[in-house]
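Asker: Take a look at data.cif, mmCIF, N, CA and C atoms:
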data_upload
loop_
_atom_site.label_atom_id
_atom_site.label_comp_id
_atom_site.auth_asym_id
_atom_site.auth_seq_id
_atom_site.Cartn_x
_atom_site.Cartn_y
_atom_site.Cartn_z
N MET A 1 -66.03 140.26 135.86
CA MET A 1 -64.95 139.60 135.15
C MET A 1 -63.62 140.11 135.71
N GLN A 2 -62.70 139.20 135.91
CA GLN A 2 -61.36 139.57 136.33
C GLN A 2 -60.47 139.72 135.11
N LEU A 3 -59.78 140.84 135.01
CA LEU A 3 -58.80 141.06 133.96
C LEU A 3 -57.43 140.94 134.59
N ILE A 4 -56.65 140.00 134.11
CA ILE A 4 -55.31 139.76 134.64
C ILE A 4 -54.32 140.13 133.55
N GLU A 5 -53.49 141.12 133.81
CA GLU A 5 -52.53 141.57 132.81
C GLU A 5 -51.19 140.92 133.06
N GLY A 6 -50.93 139.82 132.36
CA GLY A 6 -49.69 139.07 132.51
C GLY A 6 -49.83 137.98 133.55
N HIS A 7 -49.24 136.83 133.26
CA HIS A 7 -49.40 135.68 134.15
C HIS A 7 -48.68 135.84 135.47
N ALA A 8 -47.71 136.73 135.57
CA ALA A 8 -46.92 136.87 136.78
C ALA A 8 -47.72 137.46 137.94
N VAL A 9 -48.87 138.06 137.67
CA VAL A 9 -49.64 138.69 138.73
C VAL A 9 -50.82 137.84 139.21
N VAL A 10 -50.88 136.59 138.83
CA VAL A 10 -51.99 135.72 139.20
C VAL A 10 -51.87 135.34 140.68
N THR A 11 -52.96 135.52 141.40
CA THR A 11 -52.99 135.14 142.81
C THR A 11 -53.47 133.70 142.93
N PRO A 12 -53.21 133.05 144.06
CA PRO A 12 -53.70 131.68 144.23
C PRO A 12 -55.21 131.55 144.01
N ALA A 13 -55.98 132.56 144.39
CA ALA A 13 -57.43 132.50 144.22
C ALA A 13 -57.85 132.58 142.76
N GLN A 14 -56.98 133.06 141.88
CA GLN A 14 -57.31 133.20 140.47
C GLN A 14 -56.91 131.98 139.65
N ARG A 15 -56.25 131.02 140.27
CA ARG A 15 -55.81 129.83 139.55
C ARG A 15 -56.99 128.88 139.34
N GLY A 16 -56.84 127.94 138.41
CA GLY A 16 -57.81 126.88 138.25
C GLY A 16 -58.91 127.10 137.24
N ALA A 17 -58.81 128.12 136.42
CA ALA A 17 -59.84 128.36 135.41
C ALA A 17 -59.60 127.48 134.18
N VAL A 18 -60.65 127.27 133.42
CA VAL A 18 -60.54 126.67 132.10
C VAL A 18 -60.43 127.84 131.13
N LEU A 19 -59.34 127.87 130.36
CA LEU A 19 -59.09 129.00 129.48
C LEU A 19 -59.08 128.60 128.01
N ALA A 20 -59.75 129.38 127.20
CA ALA A 20 -59.64 129.28 125.75
C ALA A 20 -58.43 130.14 125.37
N LEU A 21 -57.59 129.63 124.49
CA LEU A 21 -56.36 130.32 124.11
C LEU A 21 -56.49 130.90 122.72
N GLY A 22 -56.10 132.17 122.56
CA GLY A 22 -56.14 132.79 121.24
C GLY A 22 -56.11 134.29 121.32
N ASN A 23 -56.31 134.95 120.18
CA ASN A 23 -56.25 136.41 120.14
C ASN A 23 -57.57 137.08 120.52
N PHE A 24 -58.69 136.55 120.05
CA PHE A 24 -60.02 137.02 120.43
C PHE A 24 -60.29 138.48 120.08
N ASP A 25 -59.73 138.96 118.98
CA ASP A 25 -60.04 140.31 118.53
C ASP A 25 -61.36 140.27 117.78
N GLY A 26 -62.32 141.02 118.26
CA GLY A 26 -63.62 141.04 117.63
C GLY A 26 -64.63 140.10 118.27
N VAL A 27 -64.19 139.05 118.91
CA VAL A 27 -65.05 138.09 119.60
C VAL A 27 -66.20 137.66 118.69
N HIS A 28 -65.84 137.00 117.60
CA HIS A 28 -66.83 136.53 116.63
C HIS A 28 -67.44 135.20 117.07
N LEU A 29 -68.29 134.63 116.24
CA LEU A 29 -69.01 133.40 116.62
C LEU A 29 -68.06 132.24 116.93
N GLY A 30 -66.96 132.13 116.19
CA GLY A 30 -65.99 131.08 116.49
C GLY A 30 -65.37 131.27 117.87
N HIS A 31 -65.06 132.51 118.22
CA HIS A 31 -64.53 132.80 119.56
C HIS A 31 -65.56 132.45 120.63
N ARG A 32 -66.81 132.78 120.36
CA ARG A 32 -67.87 132.47 121.32
C ARG A 32 -68.02 130.96 121.52
N ALA A 33 -67.80 130.19 120.47
CA ALA A 33 -67.86 128.73 120.60
C ALA A 33 -66.74 128.24 121.52
N LEU A 34 -65.55 128.82 121.40
CA LEU A 34 -64.45 128.46 122.30
C LEU A 34 -64.79 128.81 123.75
N ILE A 35 -65.32 130.01 123.96
CA ILE A 35 -65.68 130.45 125.31
C ILE A 35 -66.80 129.59 125.87
N ASP A 36 -67.81 129.28 125.08
CA ASP A 36 -68.91 128.42 125.53
C ASP A 36 -68.39 127.04 125.93
N THR A 37 -67.44 126.52 125.17
CA THR A 37 -66.86 125.22 125.51
C THR A 37 -66.09 125.30 126.82
N ALA A 38 -65.34 126.37 127.01
CA ALA A 38 -64.61 126.55 128.27
C ALA A 38 -65.60 126.63 129.44
N ARG A 39 -66.71 127.33 129.26
CA ARG A 39 -67.71 127.43 130.33
C ARG A 39 -68.30 126.05 130.63
N ARG A 40 -68.58 125.27 129.59
CA ARG A 40 -69.13 123.92 129.79
C ARG A 40 -68.15 123.05 130.55
N LEU A 41 -66.87 123.12 130.18
CA LEU A 41 -65.85 122.30 130.85
C LEU A 41 -65.64 122.74 132.30
N ALA A 42 -65.76 124.03 132.56
CA ALA A 42 -65.58 124.53 133.92
C ALA A 42 -66.71 124.09 134.84
N GLY A 43 -67.87 123.86 134.26
CA GLY A 43 -69.02 123.44 135.08
C GLY A 43 -69.65 124.62 135.79
N PRO A 44 -70.74 124.36 136.49
CA PRO A 44 -71.50 125.44 137.10
C PRO A 44 -70.76 126.18 138.22
N THR A 45 -69.79 125.56 138.83
CA THR A 45 -69.07 126.22 139.93
C THR A 45 -67.66 126.65 139.57
N GLY A 46 -67.21 126.30 138.35
CA GLY A 46 -65.86 126.66 137.93
C GLY A 46 -65.80 128.01 137.25
N ARG A 47 -64.59 128.43 136.97
CA ARG A 47 -64.38 129.69 136.27
C ARG A 47 -63.84 129.41 134.88
N ALA A 48 -64.31 130.21 133.93
CA ALA A 48 -63.89 130.04 132.54
C ALA A 48 -63.57 131.40 131.95
N GLY A 49 -62.69 131.37 130.97
CA GLY A 49 -62.34 132.62 130.31
C GLY A 49 -61.36 132.38 129.18
N VAL A 50 -60.56 133.39 128.91
CA VAL A 50 -59.62 133.31 127.81
C VAL A 50 -58.25 133.79 128.24
N MET A 51 -57.27 133.34 127.49
CA MET A 51 -55.93 133.91 127.55
C MET A 51 -55.68 134.47 126.16
N THR A 52 -55.43 135.77 126.12
CA THR A 52 -55.20 136.45 124.87
C THR A 52 -53.85 137.14 124.92
N PHE A 53 -53.42 137.65 123.80
CA PHE A 53 -52.08 138.22 123.70
C PHE A 53 -52.16 139.61 123.08
N THR A 54 -51.33 140.51 123.59
CA THR A 54 -51.26 141.85 123.01
C THR A 54 -49.82 142.32 123.01
N PRO A 55 -49.34 142.82 121.91
CA PRO A 55 -50.06 142.95 120.65
C PRO A 55 -50.25 141.58 120.00
N HIS A 56 -50.96 141.57 118.88
CA HIS A 56 -51.12 140.33 118.11
C HIS A 56 -49.73 139.78 117.83
N PRO A 57 -49.51 138.47 117.99
CA PRO A 57 -48.17 137.90 117.77
C PRO A 57 -47.52 138.28 116.45
N LEU A 58 -48.30 138.40 115.38
CA LEU A 58 -47.71 138.76 114.10
C LEU A 58 -47.14 140.18 114.09
N ALA A 59 -47.61 141.05 114.97
CA ALA A 59 -47.06 142.40 115.05
C ALA A 59 -45.59 142.37 115.41
N LEU A 60 -45.17 141.34 116.13
CA LEU A 60 -43.77 141.16 116.50
C LEU A 60 -43.05 140.25 115.52
N LEU A 61 -43.70 139.16 115.13
CA LEU A 61 -43.04 138.13 114.31
C LEU A 61 -42.98 138.47 112.82
N ALA A 62 -44.01 139.11 112.30
CA ALA A 62 -44.08 139.46 110.88
C ALA A 62 -44.91 140.72 110.74
N PRO A 63 -44.35 141.86 111.12
CA PRO A 63 -45.13 143.10 111.17
C PRO A 63 -45.92 143.41 109.91
N GLY A 64 -45.40 143.10 108.75
CA GLY A 64 -46.12 143.37 107.51
C GLY A 64 -47.35 142.51 107.33
N ALA A 65 -47.42 141.39 108.02
CA ALA A 65 -48.55 140.47 107.90
C ALA A 65 -49.54 140.60 109.05
N ALA A 66 -49.24 141.45 110.02
CA ALA A 66 -50.11 141.57 111.20
C ALA A 66 -51.44 142.19 110.82
N PRO A 67 -52.53 141.58 111.27
CA PRO A 67 -53.84 142.16 110.98
C PRO A 67 -54.05 143.44 111.78
N ARG A 68 -54.80 144.35 111.20
CA ARG A 68 -55.18 145.54 111.96
C ARG A 68 -56.17 145.12 113.04
N PRO A 69 -56.06 145.70 114.22
CA PRO A 69 -57.02 145.36 115.27
C PRO A 69 -58.45 145.69 114.84
N ILE A 70 -59.35 144.78 115.16
CA ILE A 70 -60.76 145.00 114.86
C ILE A 70 -61.39 145.88 115.93
N THR A 71 -60.96 145.68 117.17
CA THR A 71 -61.50 146.43 118.30
C THR A 71 -60.35 146.95 119.16
N SER A 72 -60.65 147.94 119.96
CA SER A 72 -59.68 148.40 120.96
C SER A 72 -59.61 147.36 122.07
N LEU A 73 -58.57 147.43 122.87
CA LEU A 73 -58.48 146.50 124.00
C LEU A 73 -59.66 146.66 124.95
N ALA A 74 -60.04 147.90 125.22
CA ALA A 74 -61.17 148.13 126.13
C ALA A 74 -62.45 147.49 125.58
N ARG A 75 -62.68 147.64 124.27
CA ARG A 75 -63.87 147.04 123.67
C ARG A 75 -63.77 145.52 123.69
N ARG A 76 -62.55 144.99 123.48
CA ARG A 76 -62.36 143.54 123.53
C ARG A 76 -62.77 143.01 124.91
N TRP A 77 -62.37 143.71 125.97
CA TRP A 77 -62.73 143.24 127.32
C TRP A 77 -64.24 143.25 127.50
N GLU A 78 -64.90 144.30 127.00
CA GLU A 78 -66.37 144.36 127.09
C GLU A 78 -67.01 143.18 126.37
N LEU A 79 -66.53 142.88 125.17
CA LEU A 79 -67.09 141.78 124.39
C LEU A 79 -66.85 140.43 125.06
N LEU A 80 -65.67 140.27 125.64
CA LEU A 80 -65.36 139.01 126.33
C LEU A 80 -66.22 138.84 127.57
N GLU A 81 -66.44 139.91 128.29
CA GLU A 81 -67.33 139.84 129.46
C GLU A 81 -68.75 139.50 129.02
N ALA A 82 -69.22 140.14 127.95
CA ALA A 82 -70.57 139.88 127.44
C ALA A 82 -70.70 138.43 126.94
N ALA A 83 -69.59 137.85 126.49
CA ALA A 83 -69.60 136.46 126.01
C ALA A 83 -69.57 135.45 127.15
N GLY A 84 -69.45 135.92 128.38
CA GLY A 84 -69.52 135.02 129.52
C GLY A 84 -68.20 134.68 130.19
N CYS A 85 -67.15 135.43 129.90
CA CYS A 85 -65.86 135.16 130.54
C CYS A 85 -65.87 135.61 132.00
N ASP A 86 -65.38 134.74 132.87
CA ASP A 86 -65.18 135.10 134.26
C ASP A 86 -63.81 135.73 134.47
N VAL A 87 -62.87 135.34 133.63
CA VAL A 87 -61.50 135.81 133.75
C VAL A 87 -60.90 135.97 132.36
N VAL A 88 -60.08 137.01 132.20
CA VAL A 88 -59.32 137.22 130.97
C VAL A 88 -57.88 137.45 131.37
N VAL A 89 -56.99 136.61 130.85
CA VAL A 89 -55.56 136.80 131.05
C VAL A 89 -55.03 137.44 129.78
N CYS A 90 -54.52 138.65 129.91
CA CYS A 90 -53.95 139.36 128.77
C CYS A 90 -52.43 139.29 128.89
N GLU A 91 -51.84 138.44 128.09
CA GLU A 91 -50.40 138.19 128.16
C GLU A 91 -49.67 139.09 127.16
N PRO A 92 -48.72 139.89 127.65
CA PRO A 92 -47.93 140.69 126.70
C PRO A 92 -47.13 139.77 125.77
N PHE A 93 -47.27 139.99 124.46
CA PHE A 93 -46.51 139.18 123.52
C PHE A 93 -45.18 139.88 123.26
N THR A 94 -44.13 139.34 123.84
CA THR A 94 -42.80 139.93 123.79
C THR A 94 -41.85 139.00 123.04
N ALA A 95 -40.65 139.49 122.77
CA ALA A 95 -39.63 138.66 122.11
C ALA A 95 -39.31 137.44 122.98
N ASP A 96 -39.28 137.62 124.29
CA ASP A 96 -39.01 136.49 125.18
C ASP A 96 -40.11 135.43 125.08
N LEU A 97 -41.36 135.87 125.05
CA LEU A 97 -42.46 134.92 124.93
C LEU A 97 -42.41 134.24 123.56
N ALA A 98 -42.10 134.99 122.51
CA ALA A 98 -42.01 134.41 121.17
C ALA A 98 -40.92 133.34 121.09
N ALA A 99 -39.85 133.50 121.87
CA ALA A 99 -38.74 132.54 121.85
C ALA A 99 -38.97 131.35 122.77
N CYS A 100 -40.01 131.39 123.57
CA CYS A 100 -40.30 130.32 124.54
C CYS A 100 -40.78 129.07 123.80
N ASP A 101 -40.17 127.94 124.10
CA ASP A 101 -40.63 126.71 123.45
C ASP A 101 -41.96 126.27 124.06
N ALA A 102 -42.66 125.42 123.35
CA ALA A 102 -44.02 125.04 123.72
C ALA A 102 -44.09 124.40 125.11
N THR A 103 -43.19 123.49 125.43
CA THR A 103 -43.27 122.81 126.73
C THR A 103 -42.96 123.77 127.88
N THR A 104 -42.05 124.71 127.66
CA THR A 104 -41.76 125.71 128.70
C THR A 104 -42.98 126.59 128.93
N PHE A 105 -43.66 127.00 127.85
CA PHE A 105 -44.87 127.80 127.99
C PHE A 105 -45.93 127.04 128.79
N ILE A 106 -46.10 125.77 128.50
CA ILE A 106 -47.08 124.96 129.23
C ILE A 106 -46.67 124.87 130.70
N ASP A 107 -45.44 124.45 130.94
CA ASP A 107 -44.99 124.20 132.31
C ASP A 107 -44.92 125.47 133.15
N ASP A 108 -44.37 126.54 132.59
CA ASP A 108 -44.14 127.77 133.36
C ASP A 108 -45.36 128.68 133.42
N VAL A 109 -46.09 128.79 132.33
CA VAL A 109 -47.19 129.75 132.28
C VAL A 109 -48.53 129.07 132.56
N LEU A 110 -48.94 128.13 131.70
CA LEU A 110 -50.27 127.54 131.85
C LEU A 110 -50.42 126.75 133.16
N VAL A 111 -49.45 125.90 133.45
CA VAL A 111 -49.53 125.07 134.66
C VAL A 111 -48.94 125.79 135.86
N GLY A 112 -47.69 126.26 135.73
CA GLY A 112 -47.00 126.84 136.86
C GLY A 112 -47.63 128.12 137.37
N ALA A 113 -47.80 129.11 136.52
CA ALA A 113 -48.30 130.42 136.96
C ALA A 113 -49.82 130.47 137.04
N LEU A 114 -50.50 129.93 136.02
CA LEU A 114 -51.96 130.04 135.96
C LEU A 114 -52.70 128.87 136.59
N GLY A 115 -52.07 127.72 136.67
CA GLY A 115 -52.72 126.56 137.25
C GLY A 115 -54.03 126.22 136.56
N VAL A 116 -54.02 126.27 135.22
CA VAL A 116 -55.27 126.04 134.49
C VAL A 116 -55.85 124.67 134.78
N ALA A 117 -57.18 124.62 134.78
CA ALA A 117 -57.87 123.35 134.95
C ALA A 117 -58.03 122.64 133.61
N GLY A 118 -57.92 123.38 132.53
CA GLY A 118 -58.04 122.84 131.19
C GLY A 118 -57.91 123.96 130.19
N VAL A 119 -57.74 123.58 128.92
CA VAL A 119 -57.64 124.58 127.86
C VAL A 119 -58.53 124.18 126.69
N VAL A 120 -58.97 125.21 125.97
CA VAL A 120 -59.80 125.03 124.78
C VAL A 120 -59.12 125.77 123.65
N VAL A 121 -59.00 125.11 122.50
CA VAL A 121 -58.34 125.72 121.35
C VAL A 121 -59.12 125.38 120.08
N GLY A 122 -58.82 126.11 119.03
CA GLY A 122 -59.37 125.81 117.71
C GLY A 122 -58.48 124.79 117.02
N PRO A 123 -58.93 124.24 115.90
CA PRO A 123 -58.19 123.17 115.22
C PRO A 123 -56.86 123.61 114.64
N ASP A 124 -56.69 124.90 114.37
CA ASP A 124 -55.43 125.37 113.79
C ASP A 124 -54.53 126.05 114.81
N PHE A 125 -54.85 125.91 116.09
CA PHE A 125 -54.07 126.57 117.13
C PHE A 125 -52.66 125.98 117.20
N ALA A 126 -51.68 126.86 117.25
CA ALA A 126 -50.28 126.47 117.41
C ALA A 126 -49.61 127.52 118.29
N PHE A 127 -48.61 127.12 119.04
CA PHE A 127 -47.97 128.03 119.98
C PHE A 127 -46.53 127.62 120.20
N GLY A 128 -45.80 128.49 120.86
CA GLY A 128 -44.39 128.22 121.15
C GLY A 128 -43.52 128.64 119.98
N ALA A 129 -42.23 128.73 120.26
CA ALA A 129 -41.26 129.12 119.23
C ALA A 129 -41.43 128.22 118.01
N GLY A 130 -41.54 128.84 116.85
CA GLY A 130 -41.73 128.08 115.62
C GLY A 130 -43.09 127.44 115.49
N ARG A 131 -44.05 127.81 116.34
CA ARG A 131 -45.41 127.24 116.33
C ARG A 131 -45.39 125.72 116.42
N THR A 132 -44.48 125.18 117.22
CA THR A 132 -44.33 123.73 117.33
C THR A 132 -45.34 123.08 118.27
N GLY A 133 -45.95 123.87 119.15
CA GLY A 133 -46.92 123.31 120.09
C GLY A 133 -48.29 123.20 119.47
N LYS A 134 -48.93 122.07 119.69
CA LYS A 134 -50.28 121.80 119.18
C LYS A 134 -51.12 121.24 120.33
N ALA A 135 -52.36 120.89 120.07
CA ALA A 135 -53.22 120.30 121.10
C ALA A 135 -52.58 119.05 121.68
N ALA A 136 -51.96 118.23 120.84
CA ALA A 136 -51.30 117.01 121.33
C ALA A 136 -50.18 117.33 122.31
N THR A 137 -49.48 118.44 122.11
CA THR A 137 -48.42 118.86 123.02
C THR A 137 -49.01 119.18 124.39
N LEU A 138 -50.14 119.87 124.40
CA LEU A 138 -50.82 120.20 125.65
C LEU A 138 -51.24 118.93 126.38
N ARG A 139 -51.83 117.99 125.64
CA ARG A 139 -52.26 116.73 126.25
C ARG A 139 -51.08 115.93 126.78
N ALA A 140 -49.98 115.92 126.05
CA ALA A 140 -48.80 115.17 126.46
C ALA A 140 -48.21 115.69 127.77
N ARG A 141 -48.48 116.95 128.11
CA ARG A 141 -48.02 117.55 129.36
C ARG A 141 -49.06 117.39 130.46
N GLY A 142 -50.13 116.62 130.19
CA GLY A 142 -51.11 116.30 131.22
C GLY A 142 -52.30 117.24 131.33
N LEU A 143 -52.46 118.14 130.37
CA LEU A 143 -53.59 119.07 130.44
C LEU A 143 -54.84 118.48 129.80
N ALA A 144 -55.98 118.83 130.37
CA ALA A 144 -57.26 118.52 129.74
C ALA A 144 -57.44 119.51 128.60
N VAL A 145 -57.68 119.00 127.39
CA VAL A 145 -57.74 119.85 126.20
C VAL A 145 -58.99 119.50 125.40
N GLU A 146 -59.67 120.53 124.95
CA GLU A 146 -60.78 120.32 124.02
C GLU A 146 -60.50 121.17 122.78
N VAL A 147 -60.60 120.54 121.62
CA VAL A 147 -60.43 121.23 120.35
C VAL A 147 -61.82 121.44 119.77
N VAL A 148 -62.15 122.70 119.50
CA VAL A 148 -63.45 123.05 118.95
C VAL A 148 -63.34 123.11 117.44
N ALA A 149 -64.22 122.38 116.77
CA ALA A 149 -64.23 122.37 115.30
C ALA A 149 -64.63 123.74 114.77
N PRO A 150 -64.17 124.06 113.53
CA PRO A 150 -64.54 125.37 112.97
C PRO A 150 -66.04 125.48 112.75
#
Let me see whether you can do it: turn the structure in this file into structure tokens.
Answerer:
Amino acid sequence: MQLIEGHAVVTPAQRGAVLALGNFDGVHLGHRALIDTARRLAGPTGRAGVMTFTPHPLALLAPGAAPRPITSLARRWELLEAAGCDVVVCEPFTADLAACDATTFIDDVLVGALGVAGVVVGPDFAFGAGRTGKAATLRARGLAVEVVAP
């Protein structure tokens, strides 16, 4: 499994994966469904994995509401590898990222830096400043998107 810490360090050879987006702390059955869907979309010769964030976004946005980590980062990587991830992008969740609007995140990070082949999200997934980005926002920017039911 390739662990990529931050999108700025992605090499051309690491581009083109199908990524499930989310926190993935604990890697529970719902997370595994997202990863399995990414693997199916990537096909037998493609790469699949996740893009996760550290710290949890709520640790920055609403510290009193942030969940306690279920696992350490090292354990999270082990669980993600065991779940079948070929690649894990660990994006630092910073004030700049929190202020990034949804279309800029798609254009600059998902498409521009990572060159994703597609994304997989849960039904309640939201991203970008003010959580304005949804699955429809990803599709409107030309990405292949699969929403996995709970």
Asker: I'd like the contact shell of Thr54 in chain A - 6.5 Å cut-off, only N, CA and C atoms, skipping same-chain residues fewer than 6 positions apart - returned as JSON, numbers by chain.
Answerer: {"A": [90, 91, 92, 93, 94]}
Asker: Using the chain letters and numbering of this document, enumerate as JSON, numbers by chain the residues selected by the PyMOL selection byres (((chain A and resi 13 and name CA) around 12) and name CA).
Answerer: {"A": [2, 9, 10, 11, 12, 14, 15, 16, 17, 47, 87, 113, 114, 115, 116]}
Asker: From the set A:Trp77, A:Pro63, A:Val121, A:Thr137, which residue has the shortest atom-to-atom contact distance to Ile106 in chain A, counting all atoms listed in the file?
Answerer: A:Thr137
Asker: Show which residues sit within 6.5 Å of Leu19 in chain A, as a list in words. Count only N, CA and C atoms, and ignore same-chain residues fewer than 4 positions away.
Answerer: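 Contacts, with the query itself left out: Ala38, Ala48, Gly49, Val50, Met51, Val116, Ala117, Gly118, Val119 and Val120 of chain A.
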Asker: Determine which residues of range 10-135 of chain A DSSP labels as alpha helix (DSSP H) from the backbone of this structure, then write them out as an mmCIF file with N, CA and C atoms, in the coordinates of the input.
Answerer:
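Output below, filename part-v6.cif:
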data_model
loop_
_atom_site.group_PDB
_atom_site.id
_atom_site.type_symbol
_atom_site.label_atom_id
_atom_site.label_comp_id
_atom_site.auth_asym_id
_atom_site.auth_seq_id
_atom_site.Cartn_x
_atom_site.Cartn_y
_atom_site.Cartn_z
ATOM 1 N N LEU A 29 -68.290 134.630 116.240
ATOM 2 C CA LEU A 29 -69.010 133.400 116.620
ATOM 3 C C LEU A 29 -68.060 132.240 116.930
ATOM 4 N N GLY A 30 -66.960 132.130 116.190
ATOM 5 C CA GLY A 30 -65.990 131.080 116.490
ATOM 6 C C GLY A 30 -65.370 131.270 117.870
ATOM 7 N N HIS A 31 -65.060 132.510 118.220
ATOM 8 C CA HIS A 31 -64.530 132.800 119.560
ATOM 9 C C HIS A 31 -65.560 132.450 120.630
ATOM 10 N N ARG A 32 -66.810 132.780 120.360
ATOM 11 C CA ARG A 32 -67.870 132.470 121.320
ATOM 12 C C ARG A 32 -68.020 130.960 121.520
ATOM 13 N N ALA A 33 -67.800 130.190 120.470
ATOM 14 C CA ALA A 33 -67.860 128.730 120.600
ATOM 15 C C ALA A 33 -66.740 128.240 121.520
ATOM 16 N N LEU A 34 -65.550 128.820 121.400
ATOM 17 C CA LEU A 34 -64.450 128.460 122.300
ATOM 18 C C LEU A 34 -64.790 128.810 123.750
ATOM 19 N N ILE A 35 -65.320 130.010 123.960
ATOM 20 C CA ILE A 35 -65.680 130.450 125.310
ATOM 21 C C ILE A 35 -66.800 129.590 125.870
ATOM 22 N N ASP A 36 -67.810 129.280 125.080
ATOM 23 C CA ASP A 36 -68.910 128.420 125.530
ATOM 24 C C ASP A 36 -68.390 127.040 125.930
ATOM 25 N N THR A 37 -67.440 126.520 125.170
ATOM 26 C CA THR A 37 -66.860 125.220 125.510
ATOM 27 C C THR A 37 -66.090 125.300 126.820
ATOM 28 N N ALA A 38 -65.340 126.370 127.010
ATOM 29 C CA ALA A 38 -64.610 126.550 128.270
ATOM 30 C C ALA A 38 -65.600 126.630 129.440
ATOM 31 N N ARG A 39 -66.710 127.330 129.260
ATOM 32 C CA ARG A 39 -67.710 127.430 130.330
ATOM 33 C C ARG A 39 -68.300 126.050 130.630
ATOM 34 N N ARG A 40 -68.580 125.270 129.590
ATOM 35 C CA ARG A 40 -69.130 123.920 129.790
ATOM 36 C C ARG A 40 -68.150 123.050 130.550
ATOM 37 N N LEU A 41 -66.870 123.120 130.180
ATOM 38 C CA LEU A 41 -65.850 122.300 130.850
ATOM 39 C C LEU A 41 -65.640 122.740 132.300
ATOM 40 N N ALA A 42 -65.760 124.030 132.560
ATOM 41 C CA ALA A 42 -65.580 124.530 133.920
ATOM 42 C C ALA A 42 -66.710 124.090 134.840
ATOM 43 N N PRO A 57 -49.510 138.470 117.990
ATOM 44 C CA PRO A 57 -48.170 137.900 117.770
ATOM 45 C C PRO A 57 -47.520 138.280 116.450
ATOM 46 N N LEU A 58 -48.300 138.400 115.380
ATOM 47 C CA LEU A 58 -47.710 138.760 114.100
ATOM 48 C C LEU A 58 -47.140 140.180 114.090
ATOM 49 N N ALA A 59 -47.610 141.050 114.970
ATOM 50 C CA ALA A 59 -47.060 142.400 115.050
ATOM 51 C C ALA A 59 -45.590 142.370 115.410
ATOM 52 N N LEU A 60 -45.170 141.340 116.130
ATOM 53 C CA LEU A 60 -43.770 141.160 116.500
ATOM 54 C C LEU A 60 -43.050 140.250 115.520
ATOM 55 N N LEU A 61 -43.700 139.160 115.130
ATOM 56 C CA LEU A 61 -43.040 138.130 114.310
ATOM 57 C C LEU A 61 -42.980 138.470 112.820
ATOM 58 N N LEU A 73 -58.570 147.430 122.870
ATOM 59 C CA LEU A 73 -58.480 146.500 124.000
ATOM 60 C C LEU A 73 -59.660 146.660 124.950
ATOM 61 N N ALA A 74 -60.040 147.900 125.220
ATOM 62 C CA ALA A 74 -61.170 148.130 126.130
ATOM 63 C C ALA A 74 -62.450 147.490 125.580
ATOM 64 N N ARG A 75 -62.680 147.640 124.270
ATOM 65 C CA ARG A 75 -63.870 147.040 123.670
ATOM 66 C C ARG A 75 -63.770 145.520 123.690
ATOM 67 N N ARG A 76 -62.550 144.990 123.480
ATOM 68 C CA ARG A 76 -62.360 143.540 123.530
ATOM 69 C C ARG A 76 -62.770 143.010 124.910
ATOM 70 N N TRP A 77 -62.370 143.710 125.970
ATOM 71 C CA TRP A 77 -62.730 143.240 127.320
ATOM 72 C C TRP A 77 -64.240 143.250 127.500
ATOM 73 N N GLU A 78 -64.900 144.300 127.000
ATOM 74 C CA GLU A 78 -66.370 144.360 127.090
ATOM 75 C C GLU A 78 -67.010 143.180 126.370
ATOM 76 N N LEU A 79 -66.530 142.880 125.170
ATOM 77 C CA LEU A 79 -67.090 141.780 124.390
ATOM 78 C C LEU A 79 -66.850 140.430 125.060
ATOM 79 N N LEU A 80 -65.670 140.270 125.640
ATOM 80 C CA LEU A 80 -65.360 139.010 126.330
ATOM 81 C C LEU A 80 -66.220 138.840 127.570
ATOM 82 N N GLU A 81 -66.440 139.910 128.290
ATOM 83 C CA GLU A 81 -67.330 139.840 129.460
ATOM 84 C C GLU A 81 -68.750 139.500 129.020
ATOM 85 N N ALA A 82 -69.220 140.140 127.950
ATOM 86 C CA ALA A 82 -70.570 139.880 127.440
ATOM 87 C C ALA A 82 -70.700 138.430 126.940
ATOM 88 N N ALA A 95 -40.650 139.490 122.770
ATOM 89 C CA ALA A 95 -39.630 138.660 122.110
ATOM 90 C C ALA A 95 -39.310 137.440 122.980
ATOM 91 N N ASP A 96 -39.280 137.620 124.290
ATOM 92 C CA ASP A 96 -39.010 136.490 125.180
ATOM 93 C C ASP A 96 -40.110 135.430 125.080
ATOM 94 N N LEU A 97 -41.360 135.870 125.050
ATOM 95 C CA LEU A 97 -42.460 134.920 124.930
ATOM 96 C C LEU A 97 -42.410 134.240 123.560
ATOM 97 N N ALA A 98 -42.100 134.990 122.510
ATOM 98 C CA ALA A 98 -42.010 134.410 121.170
ATOM 99 C C ALA A 98 -40.920 133.340 121.090
ATOM 100 N N ALA A 99 -39.850 133.500 121.870
ATOM 101 C CA ALA A 99 -38.740 132.540 121.850
ATOM 102 C C ALA A 99 -38.970 131.350 122.770
ATOM 103 N N ALA A 102 -42.660 125.420 123.350
ATOM 104 C CA ALA A 102 -44.020 125.040 123.720
ATOM 105 C C ALA A 102 -44.090 124.400 125.110
ATOM 106 N N THR A 103 -43.190 123.490 125.430
ATOM 107 C CA THR A 103 -43.270 122.810 126.730
ATOM 108 C C THR A 103 -42.960 123.770 127.880
ATOM 109 N N THR A 104 -42.050 124.710 127.660
ATOM 110 C CA THR A 104 -41.760 125.710 128.700
ATOM 111 C C THR A 104 -42.980 126.590 128.930
ATOM 112 N N ALA A 135 -52.360 120.890 120.070
ATOM 113 C CA ALA A 135 -53.220 120.300 121.100
ATOM 114 C C ALA A 135 -52.580 119.050 121.680
#
Asker: Write out as number ranges by chain the residues lying within 9 Å of range 28-34 of chain A, counting only C-alpha atoms and excluding same-chain residues fewer than 3 positions away.
Answerer: A: 19-22, 24-25, 37-39, 50, 80, 83-84, 120-122, 147-150
Asker: Using all atoms listed in the file, find the one residue out of A:Glu146, A:Thr132, A:Val88, A:Phe125 that sits nearest to Ile4 in chain A.
Answerer: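 Selected residue with least distance to Ile4 in chain A: A:Val88.
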Asker: Rounded to one decimal place, report the CA of Ile70 in chain A-CA of Pro55 in chain A distance in Å.
Answerer: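 Answer for the CA of Ile70 in chain A to CA of Pro55 in chain A separation: 12.3 Å.
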